[in-house]
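Colleague: Just so it is clear, I am handing over start_28.txt, which has compact mmCIF, C-alpha atoms and all ligand atoms.
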```txt
# COMPACT_ATOMS: atom_id res chain seq x y z
CA MET A 1 -48.06 113.74 66.50
CA ARG A 2 -46.13 112.80 69.62
CA TRP A 3 -49.13 112.62 71.93
CA THR A 4 -52.81 112.21 71.08
CA LEU A 5 -55.54 113.86 73.12
CA SER A 6 -56.63 110.48 74.40
CA ASP A 7 -53.05 109.64 75.54
CA ILE A 8 -53.01 112.87 77.51
CA GLU A 9 -56.52 112.40 78.89
CA SER A 10 -55.54 108.99 80.27
CA ILE A 11 -52.36 110.31 81.90
CA TYR A 12 -54.12 113.35 83.39
CA ALA A 13 -56.91 111.14 84.79
CA LEU A 14 -54.61 108.69 86.62
CA PRO A 15 -55.10 108.35 90.38
CA LEU A 16 -53.10 111.25 91.82
CA LEU A 17 -50.34 109.33 93.57
CA THR A 18 -49.95 106.91 90.65
CA LEU A 19 -49.54 109.95 88.39
CA VAL A 20 -46.94 111.48 90.72
CA GLN A 21 -45.04 108.17 90.93
CA LYS A 22 -44.93 107.83 87.15
CA ALA A 23 -43.85 111.46 86.70
CA SER A 24 -41.22 111.07 89.39
CA ALA A 25 -39.78 107.96 87.72
CA ILE A 26 -39.52 109.81 84.40
CA HIS A 27 -38.02 112.81 86.16
CA GLN A 28 -35.33 110.64 87.73
CA THR A 29 -34.46 109.06 84.37
CA HIS A 30 -34.19 112.29 82.40
CA GLN A 31 -33.19 114.95 84.95
CA ASP A 32 -31.06 115.27 88.05
CA PRO A 33 -33.84 115.26 90.68
CA GLN A 34 -31.76 117.30 93.13
CA GLU A 35 -31.27 120.10 90.66
CA VAL A 36 -33.60 123.11 90.37
CA GLN A 37 -33.02 125.99 88.00
CA VAL A 38 -33.19 129.36 89.76
CA CYS A 39 -34.44 132.16 87.52
CA THR A 40 -34.86 135.79 88.45
CA LEU A 41 -37.58 137.92 86.90
CA LEU A 42 -37.44 141.67 86.47
CA SER A 43 -40.20 143.86 85.10
CA ILE A 44 -38.22 146.28 82.92
CA LYS A 45 -41.36 148.10 81.73
CA THR A 46 -44.41 147.96 83.95
CA GLY A 47 -48.12 148.53 83.32
CA GLY A 48 -49.99 150.62 80.78
CA CYS A 49 -50.39 147.66 78.42
CA SER A 50 -52.97 147.93 75.62
CA GLU A 51 -54.03 144.26 75.84
CA ASP A 52 -57.07 142.92 77.72
CA CYS A 53 -55.64 139.70 79.28
CA ALA A 54 -58.24 139.09 82.00
CA TYR A 55 -55.67 137.91 84.58
CA CYS A 56 -53.15 140.71 84.17
CA PRO A 57 -52.63 143.60 86.56
CA GLN A 58 -50.58 145.42 83.89
CA ALA A 59 -53.41 145.95 81.40
CA ALA A 60 -54.11 149.70 81.21
CA ARG A 61 -57.87 149.15 81.09
CA TYR A 62 -58.13 147.64 84.61
CA GLN A 63 -57.89 149.69 87.82
CA THR A 64 -55.08 147.99 89.76
CA ASP A 65 -52.58 149.21 92.34
CA ILE A 66 -49.40 148.81 90.32
CA ASN A 67 -46.98 151.67 89.60
CA VAL A 68 -46.74 152.28 85.88
CA GLN A 69 -43.08 152.59 84.93
CA ALA A 70 -41.39 153.40 81.61
CA LEU A 71 -38.55 151.23 80.30
CA MET A 72 -35.78 151.01 82.91
CA LYS A 73 -32.25 152.26 82.31
CA LYS A 74 -29.77 149.69 81.11
CA GLU A 75 -27.42 150.37 84.05
CA ASP A 76 -30.17 149.73 86.61
CA VAL A 77 -31.16 146.48 84.94
CA LEU A 78 -27.56 145.25 84.81
CA ALA A 79 -27.03 146.14 88.48
CA TYR A 80 -30.13 144.10 89.39
CA ALA A 81 -28.87 141.19 87.28
CA GLU A 82 -25.51 141.29 89.11
CA LYS A 83 -27.33 141.05 92.43
CA ALA A 84 -29.43 138.12 91.20
CA LYS A 85 -26.28 136.35 90.02
CA ALA A 86 -24.58 136.89 93.37
CA ALA A 87 -27.67 135.39 95.06
CA GLY A 88 -27.30 132.21 92.97
CA SER A 89 -29.57 132.83 89.97
CA THR A 90 -28.38 131.44 86.65
CA ARG A 91 -31.18 132.71 84.43
CA PHE A 92 -32.34 136.30 84.21
CA CYS A 93 -35.68 137.05 82.61
CA MET A 94 -36.72 140.58 81.63
CA GLY A 95 -40.43 141.23 81.16
CA ALA A 96 -42.12 144.16 79.45
CA ALA A 97 -45.82 145.03 79.46
CA TRP A 98 -45.92 145.38 75.69
CA ARG A 99 -48.40 143.95 73.23
CA GLU A 100 -45.55 143.55 70.78
CA VAL A 101 -42.03 144.81 70.18
CA ARG A 102 -41.73 147.92 68.03
CA ASP A 103 -38.59 148.81 66.12
CA ASN A 104 -37.62 151.87 68.11
CA ARG A 105 -35.07 153.11 70.63
CA ASP A 106 -36.66 151.15 73.45
CA PHE A 107 -36.01 147.92 71.56
CA ASP A 108 -32.41 149.01 70.93
CA ARG A 109 -32.03 149.52 74.68
CA VAL A 110 -33.43 146.04 75.39
CA LEU A 111 -30.89 144.60 72.93
CA GLU A 112 -28.14 146.32 74.92
CA MET A 113 -29.53 144.85 78.16
CA VAL A 114 -29.52 141.38 76.57
CA LYS A 115 -25.87 141.81 75.55
CA GLY A 116 -24.91 142.99 79.04
CA VAL A 117 -26.61 140.13 80.91
CA ASN A 118 -25.20 137.59 78.46
CA GLN A 119 -21.71 138.91 79.12
CA MET A 120 -22.23 138.25 82.83
CA GLY A 121 -22.51 134.53 82.07
CA MET A 122 -26.19 134.21 82.89
CA GLU A 123 -28.78 132.67 80.60
CA VAL A 124 -30.75 135.66 79.41
CA CYS A 125 -34.46 135.45 78.71
CA CYS A 126 -37.01 138.04 77.62
CA THR A 127 -40.77 138.24 77.49
CA LEU A 128 -41.78 141.27 75.45
CA GLY A 129 -44.97 140.25 73.65
CA MET A 130 -45.24 139.49 69.95
CA LEU A 131 -42.09 139.46 67.77
CA THR A 132 -41.47 139.48 64.03
CA ALA A 133 -38.88 137.13 62.54
CA GLU A 134 -36.44 140.06 62.18
CA GLN A 135 -36.86 141.14 65.81
CA ALA A 136 -36.32 137.55 66.99
CA GLN A 137 -33.12 137.44 64.95
CA LYS A 138 -31.88 140.71 66.47
CA LEU A 139 -32.46 139.32 69.96
CA ALA A 140 -30.64 136.12 69.00
CA ASP A 141 -27.69 138.14 67.65
CA ALA A 142 -27.55 140.08 70.94
CA GLY A 143 -27.11 136.76 72.80
CA LEU A 144 -30.68 135.95 73.90
CA HIS A 145 -30.86 132.40 75.25
CA ALA A 146 -34.63 131.99 75.70
CA TYR A 147 -37.88 133.77 74.88
CA ASN A 148 -40.94 133.41 77.09
CA HIS A 149 -44.29 133.58 75.32
CA ASN A 150 -47.12 131.69 76.99
CA LEU A 151 -50.16 130.08 75.36
CA ASP A 152 -51.82 130.61 78.77
CA THR A 153 -54.80 128.29 78.16
CA SER A 154 -56.44 126.15 75.47
CA LYS A 155 -57.29 127.53 72.03
CA GLU A 156 -60.94 126.94 72.94
CA HIS A 157 -60.81 128.99 76.17
CA TYR A 158 -58.45 131.69 74.85
CA GLY A 159 -61.21 133.99 73.56
CA ASP A 160 -62.77 134.14 77.05
CA ILE A 161 -59.50 135.44 78.51
CA ILE A 162 -58.00 137.64 75.79
CA THR A 163 -59.70 139.27 72.84
CA THR A 164 -57.02 141.68 71.61
CA ARG A 165 -54.88 138.99 69.95
CA THR A 166 -55.37 135.41 68.78
CA TYR A 167 -53.94 131.99 69.57
CA GLU A 168 -52.54 132.02 66.04
CA ASP A 169 -50.63 135.25 66.80
CA ARG A 170 -49.02 133.51 69.78
CA LEU A 171 -48.04 130.47 67.71
CA GLU A 172 -46.56 132.70 65.03
CA THR A 173 -44.25 134.46 67.51
CA LEU A 174 -43.19 131.08 68.89
CA GLU A 175 -42.29 130.02 65.36
CA ASN A 176 -40.27 133.21 64.81
CA VAL A 177 -38.37 132.54 68.04
CA ARG A 178 -37.62 128.95 66.94
CA GLN A 179 -36.44 130.02 63.49
CA ALA A 180 -34.00 132.49 65.07
CA GLY A 181 -32.44 129.63 67.08
CA VAL A 182 -33.53 130.99 70.47
CA THR A 183 -34.85 128.40 72.97
CA VAL A 184 -38.58 128.50 73.68
CA CYS A 185 -40.15 129.01 77.11
CA CYS A 186 -43.90 128.51 76.77
CA GLY A 187 -46.54 127.45 79.25
CA GLY A 188 -49.75 128.59 80.82
CA ILE A 189 -51.85 129.51 83.81
CA ILE A 190 -54.35 127.44 85.76
CA GLY A 191 -57.17 128.96 87.74
CA LEU A 192 -58.59 131.08 84.91
CA GLY A 193 -61.97 129.30 85.08
CA GLU A 194 -60.90 126.69 82.54
CA THR A 195 -62.08 123.07 82.53
CA HIS A 196 -59.85 120.01 82.93
CA GLN A 197 -60.34 119.49 79.20
CA ASP A 198 -58.91 122.98 78.51
CA ARG A 199 -55.80 122.08 80.51
CA ILE A 200 -55.45 118.83 78.59
CA GLN A 201 -55.88 120.69 75.28
CA MET A 202 -53.19 123.20 76.23
CA LEU A 203 -50.76 120.41 77.17
CA HIS A 204 -51.62 118.76 73.85
CA THR A 205 -50.67 121.90 71.93
CA LEU A 206 -47.47 122.43 73.96
CA SER A 207 -46.22 118.87 73.70
CA ASN A 208 -46.94 118.72 69.97
CA LEU A 209 -45.28 121.98 68.91
CA PRO A 210 -42.86 121.33 65.99
CA LYS A 211 -40.12 121.18 68.61
CA VAL A 212 -40.93 120.62 72.30
CA PRO A 213 -40.33 123.82 74.35
CA GLU A 214 -37.11 123.69 76.36
CA SER A 215 -38.98 125.27 79.24
CA VAL A 216 -42.64 125.13 80.31
CA PRO A 217 -43.81 127.46 83.08
CA ILE A 218 -46.92 126.36 84.95
CA ASN A 219 -48.43 129.40 86.68
CA ALA A 220 -51.19 129.36 89.28
CA LEU A 221 -53.31 132.46 88.79
CA VAL A 222 -52.38 135.23 91.21
CA PRO A 223 -55.76 136.94 91.49
CA VAL A 224 -55.23 140.70 91.45
CA LYS A 225 -57.94 143.12 92.61
CA GLY A 226 -59.26 145.21 89.76
CA THR A 227 -58.72 142.56 87.06
CA PRO A 228 -61.74 140.58 85.76
CA LEU A 229 -60.32 137.44 87.47
CA GLY A 230 -59.43 139.23 90.71
CA GLU A 231 -62.08 137.35 92.69
CA ASN A 232 -61.21 133.87 91.37
CA SER A 233 -60.59 131.30 94.06
CA LYS A 234 -57.14 130.01 94.95
CA VAL A 235 -55.87 127.18 92.76
CA ASP A 236 -56.08 123.81 94.48
CA ILE A 237 -52.56 122.45 95.12
CA TRP A 238 -53.66 119.04 93.79
CA ASP A 239 -54.55 120.67 90.45
CA MET A 240 -51.08 122.21 90.30
CA VAL A 241 -49.47 118.85 91.12
CA ARG A 242 -51.57 117.06 88.49
CA MET A 243 -50.67 119.64 85.85
CA ILE A 244 -46.94 119.52 86.64
CA ALA A 245 -46.84 115.72 86.71
CA THR A 246 -48.65 115.44 83.38
CA ALA A 247 -46.32 118.03 81.80
CA ARG A 248 -43.28 116.10 83.10
CA ILE A 249 -44.52 112.81 81.60
CA LEU A 250 -45.31 114.42 78.24
CA MET A 251 -42.05 116.38 78.06
CA PRO A 252 -39.38 114.41 79.95
CA GLN A 253 -36.42 116.60 78.94
CA THR A 254 -38.06 119.98 79.41
CA MET A 255 -37.52 122.29 82.38
CA VAL A 256 -40.95 122.41 84.04
CA ARG A 257 -41.21 125.63 86.04
CA LEU A 258 -43.26 126.00 89.21
CA SER A 259 -43.95 129.66 88.40
CA ALA A 260 -46.51 132.12 89.76
CA GLY A 261 -48.37 131.11 92.90
CA ARG A 262 -45.51 129.93 95.14
CA ASN A 263 -46.09 132.73 97.59
CA ASP A 264 -49.31 131.04 98.67
CA MET A 265 -47.81 127.54 98.91
CA SER A 266 -46.22 125.89 101.92
CA ILE A 267 -42.82 124.21 101.59
CA ALA A 268 -44.59 120.83 101.81
CA GLU A 269 -46.80 121.81 98.87
CA GLN A 270 -43.82 122.98 96.83
CA ALA A 271 -41.98 119.76 97.70
CA LEU A 272 -44.88 117.82 96.17
CA CYS A 273 -44.51 119.87 92.98
CA PHE A 274 -40.77 119.05 92.85
CA LEU A 275 -41.58 115.38 93.40
CA ALA A 276 -44.06 115.57 90.52
CA GLY A 277 -41.27 116.81 88.25
CA ALA A 278 -40.99 120.58 88.60
CA ASN A 279 -37.33 121.59 88.34
CA SER A 280 -37.29 125.34 87.96
CA ILE A 281 -38.54 128.33 89.96
CA PHE A 282 -38.59 132.12 89.86
CA ALA A 283 -36.60 133.49 92.77
CA GLY A 284 -36.63 136.95 94.33
CA ASP A 285 -39.29 138.65 96.39
CA LYS A 286 -41.25 139.89 93.39
CA LEU A 287 -42.43 138.21 90.19
CA LEU A 288 -43.30 141.03 87.80
CA THR A 289 -45.68 142.97 90.02
CA THR A 290 -46.84 140.46 92.67
CA PRO A 291 -45.01 139.01 95.71
CA ASN A 292 -42.88 135.87 95.60
CA PRO A 293 -40.84 134.15 98.36
CA ALA A 294 -37.58 135.99 99.22
CA PHE A 295 -34.16 134.59 98.20
CA ASP A 296 -33.30 133.53 101.75
CA GLU A 297 -36.61 131.70 102.23
CA ASP A 298 -35.92 129.73 99.07
CA GLN A 299 -32.37 129.05 100.17
CA ALA A 300 -33.71 127.58 103.41
CA MET A 301 -36.18 125.47 101.39
CA PHE A 302 -33.35 124.19 99.16
CA GLU A 303 -31.34 123.18 102.23
CA LEU A 304 -34.32 121.48 103.86
CA LEU A 305 -35.25 119.52 100.72
CA GLY A 306 -31.66 118.78 99.64
CA LEU A 307 -31.98 120.70 96.37
CA LYS A 308 -29.17 122.46 94.54
CA PRO A 309 -29.29 125.21 91.90
CA ARG A 310 -28.71 124.11 88.31
CA VAL A 311 -25.66 125.66 86.67
CA ALA A 312 -26.08 128.07 83.75
CA PHE A 313 -25.87 126.76 80.19
CA LYS A 314 -25.95 123.15 81.28
CA GLU A 315 -26.14 121.23 78.06
CA GLU A 316 -29.73 121.24 76.94
CA PRO A 317 -30.49 117.87 75.42
CA GLU A 318 -32.66 117.75 72.34
CA ALA A 319 -36.24 117.77 73.54
CA ALA A 320 -37.72 114.30 73.60
CA GLU A 321 -39.35 113.12 70.39
CA ALA A 322 -40.55 109.73 71.54
CA HIS A 323 -43.06 108.52 74.08
CA ALA A 324 -41.47 107.78 77.38
N1 LIG B 1 -46.59 141.28 77.74
C1 LIG B 1 -45.92 140.09 77.44
C2 LIG B 1 -46.85 138.94 77.13
O1 LIG B 1 -48.00 138.98 77.51
O2 LIG B 1 -46.39 137.99 76.50
C3 LIG B 1 -44.94 139.64 78.50
C4 LIG B 1 -45.30 139.81 79.96
S1 LIG B 1 -46.72 138.89 80.53
C5 LIG B 1 -47.04 139.62 82.11
C6 LIG B 1 -46.05 137.27 80.84
C7 LIG B 1 -46.94 136.19 81.38
O3 LIG B 1 -47.20 136.41 82.75
C8 LIG B 1 -48.33 136.03 80.80
O4 LIG B 1 -48.34 135.36 79.59
C9 LIG B 1 -49.02 135.19 81.86
O5 LIG B 1 -48.83 133.83 81.58
C10 LIG B 1 -48.26 135.57 83.14
N2 LIG B 1 -49.14 136.30 84.09
C11 LIG B 1 -49.52 137.58 84.03
N3 LIG B 1 -50.34 137.90 85.04
C12 LIG B 1 -50.48 136.78 85.79
C13 LIG B 1 -51.20 136.48 86.99
N4 LIG B 1 -51.96 137.40 87.60
N5 LIG B 1 -51.10 135.23 87.49
C14 LIG B 1 -50.34 134.30 86.87
N6 LIG B 1 -49.64 134.53 85.74
C15 LIG B 1 -49.70 135.76 85.20
C1 LIG B 2 -44.29 133.16 83.37
O1 LIG B 2 -44.79 132.14 82.86
N1 LIG B 2 -44.61 133.62 84.56
C2 LIG B 2 -43.90 134.85 84.84
C3 LIG B 2 -42.97 134.98 83.60
N2 LIG B 2 -43.39 133.90 82.77
C4 LIG B 2 -42.89 136.25 82.87
C5 LIG B 2 -44.81 136.00 85.11
C6 LIG B 2 -45.73 135.78 86.28
C7 LIG B 2 -46.44 137.07 86.53
C8 LIG B 2 -47.33 137.00 87.73
C9 LIG B 2 -48.08 138.27 87.95
C10 LIG B 2 -47.21 139.45 88.23
O2 LIG B 2 -46.28 139.38 89.09
O3 LIG B 2 -47.46 140.52 87.66
FE1 LIG B 3 -50.03 143.10 78.45
FE2 LIG B 3 -48.67 140.80 78.70
FE3 LIG B 3 -50.30 141.68 80.69
FE4 LIG B 3 -51.37 140.78 78.46
S1 LIG B 3 -50.12 139.57 79.90
S2 LIG B 3 -51.95 142.69 79.53
S3 LIG B 3 -49.87 141.47 76.92
S4 LIG B 3 -48.44 142.66 79.96
```
Spit out the file's structure as C-alpha cells when you get a sec.
Modeller:
Amino acid sequence: MRWTLSDIESIYALPLLTLVQKASAIHQTHQDPQEVQVCTLLSIKTGGCSEDCAYCPQAARYQTDINVQALMKKEDVLAYAEKAKAAGSTRFCMGAAWREVRDNRDFDRVLEMVKGVNQMGMEVCCTLGMLTAEQAQKLADAGLHAYNHNLDTSKEHYGDIITTRTYEDRLETLENVRQAGVTVCCGGIIGLGETHQDRIQMLHTLSNLPKVPESVPINALVPVKGTPLGENSKVDIWDMVRMIATARILMPQTMVRLSAGRNDMSIAEQALCFLAGANSIFAGDKLLTTPNPAFDEDQAMFELLGLKPRVAFKEEPEAAEAHA
C-alpha cells in the first residue's frame, strides 16, 4: 500500500495554507507549474440514461431540462474536435450517457470517431460507462489515449448516490482499461453530501489503485434542478482547494483536473486551485450539459496568471510509486 488511511487523514487535516504550501512544493518538483492541460469535452450522446446517479441530469428517471440526443454523426464530432484543436485544446474527451458499452453499430461509430480524433494529433479520451476487456482492447486499437471512469465518492457513500451499479463494477472497468494499455482518468465529485472521511476514503482508493491514475478529475457538484441533489448547496472553495492539494501530494506525477464547477468560481479562486496543484481543466462553454467558462475567458485567465497550455502527448512519466 502506497498510502495508509492515517497518512491521508493527517495530510488532509493540515492547516489549509500549510497544506497548500506542501502541495505547491511537490507540484513544482514533479510538474511544470506554468503548464495546464486544456481538454475539451463533448457529449456525443446525451440523456436518456438508465442509471440512477443522484447528481446526474442525464438520468432518464429525473425531470431535467436537457435535450435528449442520439449518438452524434462522426463528421459532426470531428468538426467539433477540429475547432477545439484550433482553440488550443490538446485533449478531446467524448462522453456518452450510457450505462455500459454494447457491441453494436453505435460502438463501431465511436471507434471511428476515436480513430479520426487520434489522426488529428490530439489525445483522445472517452467516457462511455462500463467496458468489457474486449471493448477496452477495441478502443485501444482504435488509438484511444485515455478512458474516464470516475469512482465519484467513497465505497461507503456510493450506495447513497447510485444503486444501479456497484463500486466493484467501476473497479472492474478500470482494470479492463489498464489491461488494454489505455491510460486511466479517474476521480470524483465533492458536494454530494459526503463526509470528510468519505473524501479521504476515495483518495485512499484512488492513490492505491494497482497503478496510480494518470489523470484525476476533481469535480464540484453542479446542482441541476430535477435531480435528487439539485438543491445541494454550493461547494465551499476551501473544500475544493483542500481536496486538490491532498490529491497532488498523494499523486505527484498525476494530472489533477479542476473539472466541473469552474463556472461558479472567480479567477482568484481558480488561481488558488492551480497553486494547490491542479494542472488541467475542461475548456469550452459547455461541459456535457452544464455551462463552463468560454474559451476566450480562459485564455484571458491564462494570460493573467502566466499559464501556458500543455502540449499533447507530452511524455507521461510512470506514476509515482513512492511517498513524496
Ligand atoms: N455515463 C458514463 C459514466 O457515468 O461513467 C459517462 C458520462 S458521466 C456524465 C461522467 C461523469 O460526470 C460522472 O462520473 C460524474 O463524475 C460527472 N458528473 C455528472 N454529472 C455531474 C454533476 N452534476 N456535477 C459534477 N459532476 C458530474
Ligand atoms: C469528469 O470527471 N467530469 C466531466 C468528465 N469527467 C466527463 C463531466 C462533468 C459533467 C458535469 C455535468 C454536466 O455538464 O452534465
Ligand atoms: Fe448515466 Fe453516467 Fe449520468 Fe450515471 S453519470 S446517469 S451512468 S450518464
Colleague: Show me, as lines of an AutoDock Vina configuration file, the centre and edge lengths in Å to one decimal of the axis-aligned box that covers every listed atom of ligand LIG 3 (chain B) with 4 Å on each side.
Modeller:
```
center_x = -50.2
center_y = 141.3
center_z = 78.8
size_x = 11.5
size_y = 11.5
size_z = 11.8
```
Colleague: So how many Å separate atom CA of A:Arg91 and atom CA of A:Cys53, to one decimal?
Modeller: 26.0 Å
Colleague: Given only C-alpha atoms and all ligand atoms as the basis, pick out the residue of A:Tyr55, A:Tyr158, A:Tyr80, A:Tyr62 nearest to ligand LIG 2 (chain B).
Modeller: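 Nearest to ligand LIG 2 (chain B): A:Tyr55.
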Colleague: Between A:Arg257, A:Thr29, A:Gln197, A:Arg262, single out the one closest to A:Ser10, counting all atoms listed in the file.
Modeller: A:Gln197
Colleague: I want to know what sits within 8 Å of stretch 248-250 of chain A, based on only C-alpha atoms, with residues of the same chain fewer than 4 positions away left out; could you give that as a list in words?
Modeller: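 Once the adjacent positions are removed, what remains is Trp3, Ile8, Lys22, Ala23, Ile26, His27, Ser207, Ile244, Thr254, Val256, Ala276, Gly277, Ala278, His323 and Ala324 of chain A.
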Colleague: Considering only C-alpha atoms and all ligand atoms, tabulate each residue of chain A that lies at most 9 Å from ligand LIG 3 (chain B) along with its nearest interatomic pair and the corresponding distance in Å to one decimal; arrange the rows by chain and ascending residue number and present them as CSV.
Modeller:
```
residue,atom,partner,partner_atom,distance
A:Thr46,CA,B:LIG3,S4,7.8
A:Gly47,CA,B:LIG3,S4,6.8
A:Gly48,CA,B:LIG3,FE1,7.9
A:Cys49,CA,B:LIG3,FE1,4.6
A:Ser50,CA,B:LIG3,FE1,6.3
A:Glu51,CA,B:LIG3,S2,4.5
A:Asp52,CA,B:LIG3,S2,5.4
A:Cys53,CA,B:LIG3,FE4,4.5
A:Ala54,CA,B:LIG3,S2,7.7
A:Tyr55,CA,B:LIG3,S1,7.4
A:Cys56,CA,B:LIG3,FE3,4.6
A:Pro57,CA,B:LIG3,FE3,6.6
A:Gln58,CA,B:LIG3,FE3,4.9
A:Ala59,CA,B:LIG3,S2,4.0
A:Ala60,CA,B:LIG3,S2,7.5
A:Arg61,CA,B:LIG3,S2,8.9
A:Gly95,CA,B:LIG3,S4,8.2
A:Ala96,CA,B:LIG3,S4,6.5
A:Ala97,CA,B:LIG3,S4,3.6
A:Trp98,CA,B:LIG3,FE1,5.5
A:Arg99,CA,B:LIG3,S3,4.7
A:Glu100,CA,B:LIG3,S3,7.8
A:Thr127,CA,B:LIG3,FE2,8.4
A:Leu128,CA,B:LIG3,FE2,7.6
A:Gly129,CA,B:LIG3,S3,6.0
A:Met130,CA,B:LIG3,S3,8.6
A:Asn150,CA,B:LIG3,S1,8.9
A:Ile162,CA,B:LIG3,FE4,7.8
A:Thr164,CA,B:LIG3,S3,8.9
A:Arg165,CA,B:LIG3,S3,8.9
```
Colleague: Could you report the residues within 10 Å of ligand LIG 2 (chain B), using all atoms listed in the file, as a ChimeraX atom specification?
Modeller: /A:39-43,46-47,55-58,66,93-97,125-128,147-152,185-189,215-224,257-261,281-282,286-292
Colleague: With all atoms listed in the file as the basis for distance, which of A:Val77, A:Ile11, A:Met122, A:Ala86 is at the shortest distance from A:Ala312?
Modeller: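 Distance minimum relative to A:Ala312 lands on A:Met122.
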Colleague: Separation of atom CA of A:Ile200 and atom CA of A:Ala13, in Å?
Modeller: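 Here the two named atoms are 10.0 Å from each other.
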Colleague: Could you tell me which of A:Ala300, A:Leu131, A:Leu203, A:Ala268 comes closest to ligand LIG 1 (chain B) if we count all atoms listed in the file?
Modeller: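 Answer, going by the shortest atom-to-atom distance: A:Leu131.
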Colleague: Any idea what's packed within 12 Å of A:Lys115, counting all atoms listed in the file, ignoring anything in its chain fewer than 6 positions away? Could you give it as a compact mmCIF listing (two decimals) with C-alpha atoms, in the coordinates of the input?
Modeller:
```
# COMPACT_ATOMS: atom_id res chain seq x y z
CA LYS A 74 -29.77 149.69 81.11
CA VAL A 77 -31.16 146.48 84.94
CA LEU A 78 -27.56 145.25 84.81
CA ASP A 108 -32.41 149.01 70.93
CA ARG A 109 -32.03 149.52 74.68
CA GLY A 121 -22.51 134.53 82.07
CA MET A 122 -26.19 134.21 82.89
CA GLU A 123 -28.78 132.67 80.60
CA VAL A 124 -30.75 135.66 79.41
CA CYS A 125 -34.46 135.45 78.71
CA CYS A 126 -37.01 138.04 77.62
CA LYS A 138 -31.88 140.71 66.47
CA LEU A 139 -32.46 139.32 69.96
CA ALA A 140 -30.64 136.12 69.00
CA ASP A 141 -27.69 138.14 67.65
CA ALA A 142 -27.55 140.08 70.94
CA GLY A 143 -27.11 136.76 72.80
CA LEU A 144 -30.68 135.95 73.90
CA HIS A 145 -30.86 132.40 75.25
```
Colleague: When distances are computed from all atoms listed in the file, which of A:Lys155, A:Gln253, A:Asp298, A:Ala136 shows the smallest separation from A:Pro213?
Modeller: A:Gln253
Colleague: Measuring atom to atom with all atoms listed in the file, identify which of A:Met243, A:Leu5, A:Leu229, A:Val311 is nearest to A:Asp160.
Modeller: A:Leu229
Colleague: So how far away is atom S1 of ligand LIG 1 (chain B) from atom CA of A:Thr153, in Å?
Modeller: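 Distance between the two atoms: 13.5 Å.
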Colleague: My structure is short of atoms at stretch 106-117 of chain A; please model N, CA, C and O atoms there, returning them as a PDB file, in the coordinates of the input.
Modeller:
```pdb
ATOM      1  N   ASP A 106     -36.463 152.027  72.299  1.00  0.00           N
ATOM      2  CA  ASP A 106     -36.660 151.150  73.450  1.00  0.00           C
ATOM      3  C   ASP A 106     -36.169 149.734  73.139  1.00  0.00           C
ATOM      4  O   ASP A 106     -35.518 149.088  73.965  1.00  0.00           O
ATOM      5  N   PHE A 107     -36.478 149.267  71.942  1.00  0.00           N
ATOM      6  CA  PHE A 107     -36.010 147.920  71.560  1.00  0.00           C
ATOM      7  C   PHE A 107     -34.484 147.887  71.501  1.00  0.00           C
ATOM      8  O   PHE A 107     -33.851 146.938  71.972  1.00  0.00           O
ATOM      9  N   ASP A 108     -33.889 148.963  70.968  1.00  0.00           N
ATOM     10  CA  ASP A 108     -32.410 149.010  70.930  1.00  0.00           C
ATOM     11  C   ASP A 108     -31.844 148.910  72.349  1.00  0.00           C
ATOM     12  O   ASP A 108     -30.835 148.245  72.575  1.00  0.00           O
ATOM     13  N   ARG A 109     -32.530 149.562  73.289  1.00  0.00           N
ATOM     14  CA  ARG A 109     -32.030 149.520  74.680  1.00  0.00           C
ATOM     15  C   ARG A 109     -32.157 148.095  75.243  1.00  0.00           C
ATOM     16  O   ARG A 109     -31.265 147.613  75.952  1.00  0.00           O
ATOM     17  N   VAL A 110     -33.270 147.425  74.917  1.00  0.00           N
ATOM     18  CA  VAL A 110     -33.430 146.040  75.390  1.00  0.00           C
ATOM     19  C   VAL A 110     -32.313 145.171  74.806  1.00  0.00           C
ATOM     20  O   VAL A 110     -31.730 144.320  75.503  1.00  0.00           O
ATOM     21  N   LEU A 111     -31.973 145.394  73.543  1.00  0.00           N
ATOM     22  CA  LEU A 111     -30.890 144.600  72.930  1.00  0.00           C
ATOM     23  C   LEU A 111     -29.587 144.805  73.687  1.00  0.00           C
ATOM     24  O   LEU A 111     -28.828 143.859  73.922  1.00  0.00           O
ATOM     25  N   GLU A 112     -29.348 146.041  74.128  1.00  0.00           N
ATOM     26  CA  GLU A 112     -28.140 146.320  74.920  1.00  0.00           C
ATOM     27  C   GLU A 112     -28.195 145.599  76.271  1.00  0.00           C
ATOM     28  O   GLU A 112     -27.183 145.102  76.764  1.00  0.00           O
ATOM     29  N   MET A 113     -29.380 145.556  76.869  1.00  0.00           N
ATOM     30  CA  MET A 113     -29.530 144.850  78.160  1.00  0.00           C
ATOM     31  C   MET A 113     -29.226 143.359  77.953  1.00  0.00           C
ATOM     32  O   MET A 113     -28.551 142.734  78.772  1.00  0.00           O
ATOM     33  N   VAL A 114     -29.744 142.804  76.864  1.00  0.00           N
ATOM     34  CA  VAL A 114     -29.520 141.380  76.570  1.00  0.00           C
ATOM     35  C   VAL A 114     -28.015 141.122  76.453  1.00  0.00           C
ATOM     36  O   VAL A 114     -27.478 140.178  77.061  1.00  0.00           O
ATOM     37  N   LYS A 115     -27.330 141.988  75.708  1.00  0.00           N
ATOM     38  CA  LYS A 115     -25.870 141.810  75.550  1.00  0.00           C
ATOM     39  C   LYS A 115     -25.176 141.843  76.905  1.00  0.00           C
ATOM     40  O   LYS A 115     -24.327 141.002  77.199  1.00  0.00           O
ATOM     41  N   GLY A 116     -25.552 142.821  77.735  1.00  0.00           N
ATOM     42  CA  GLY A 116     -24.910 142.990  79.040  1.00  0.00           C
ATOM     43  C   GLY A 116     -25.112 141.780  79.942  1.00  0.00           C
ATOM     44  O   GLY A 116     -24.166 141.298  80.574  1.00  0.00           O
ATOM     45  N   VAL A 117     -26.335 141.270  80.013  1.00  0.00           N
ATOM     46  CA  VAL A 117     -26.610 140.130  80.910  1.00  0.00           C
ATOM     47  C   VAL A 117     -25.899 138.881  80.380  1.00  0.00           C
ATOM     48  O   VAL A 117     -25.338 138.094  81.145  1.00  0.00           O
TER      49      VAL A 117
END
```
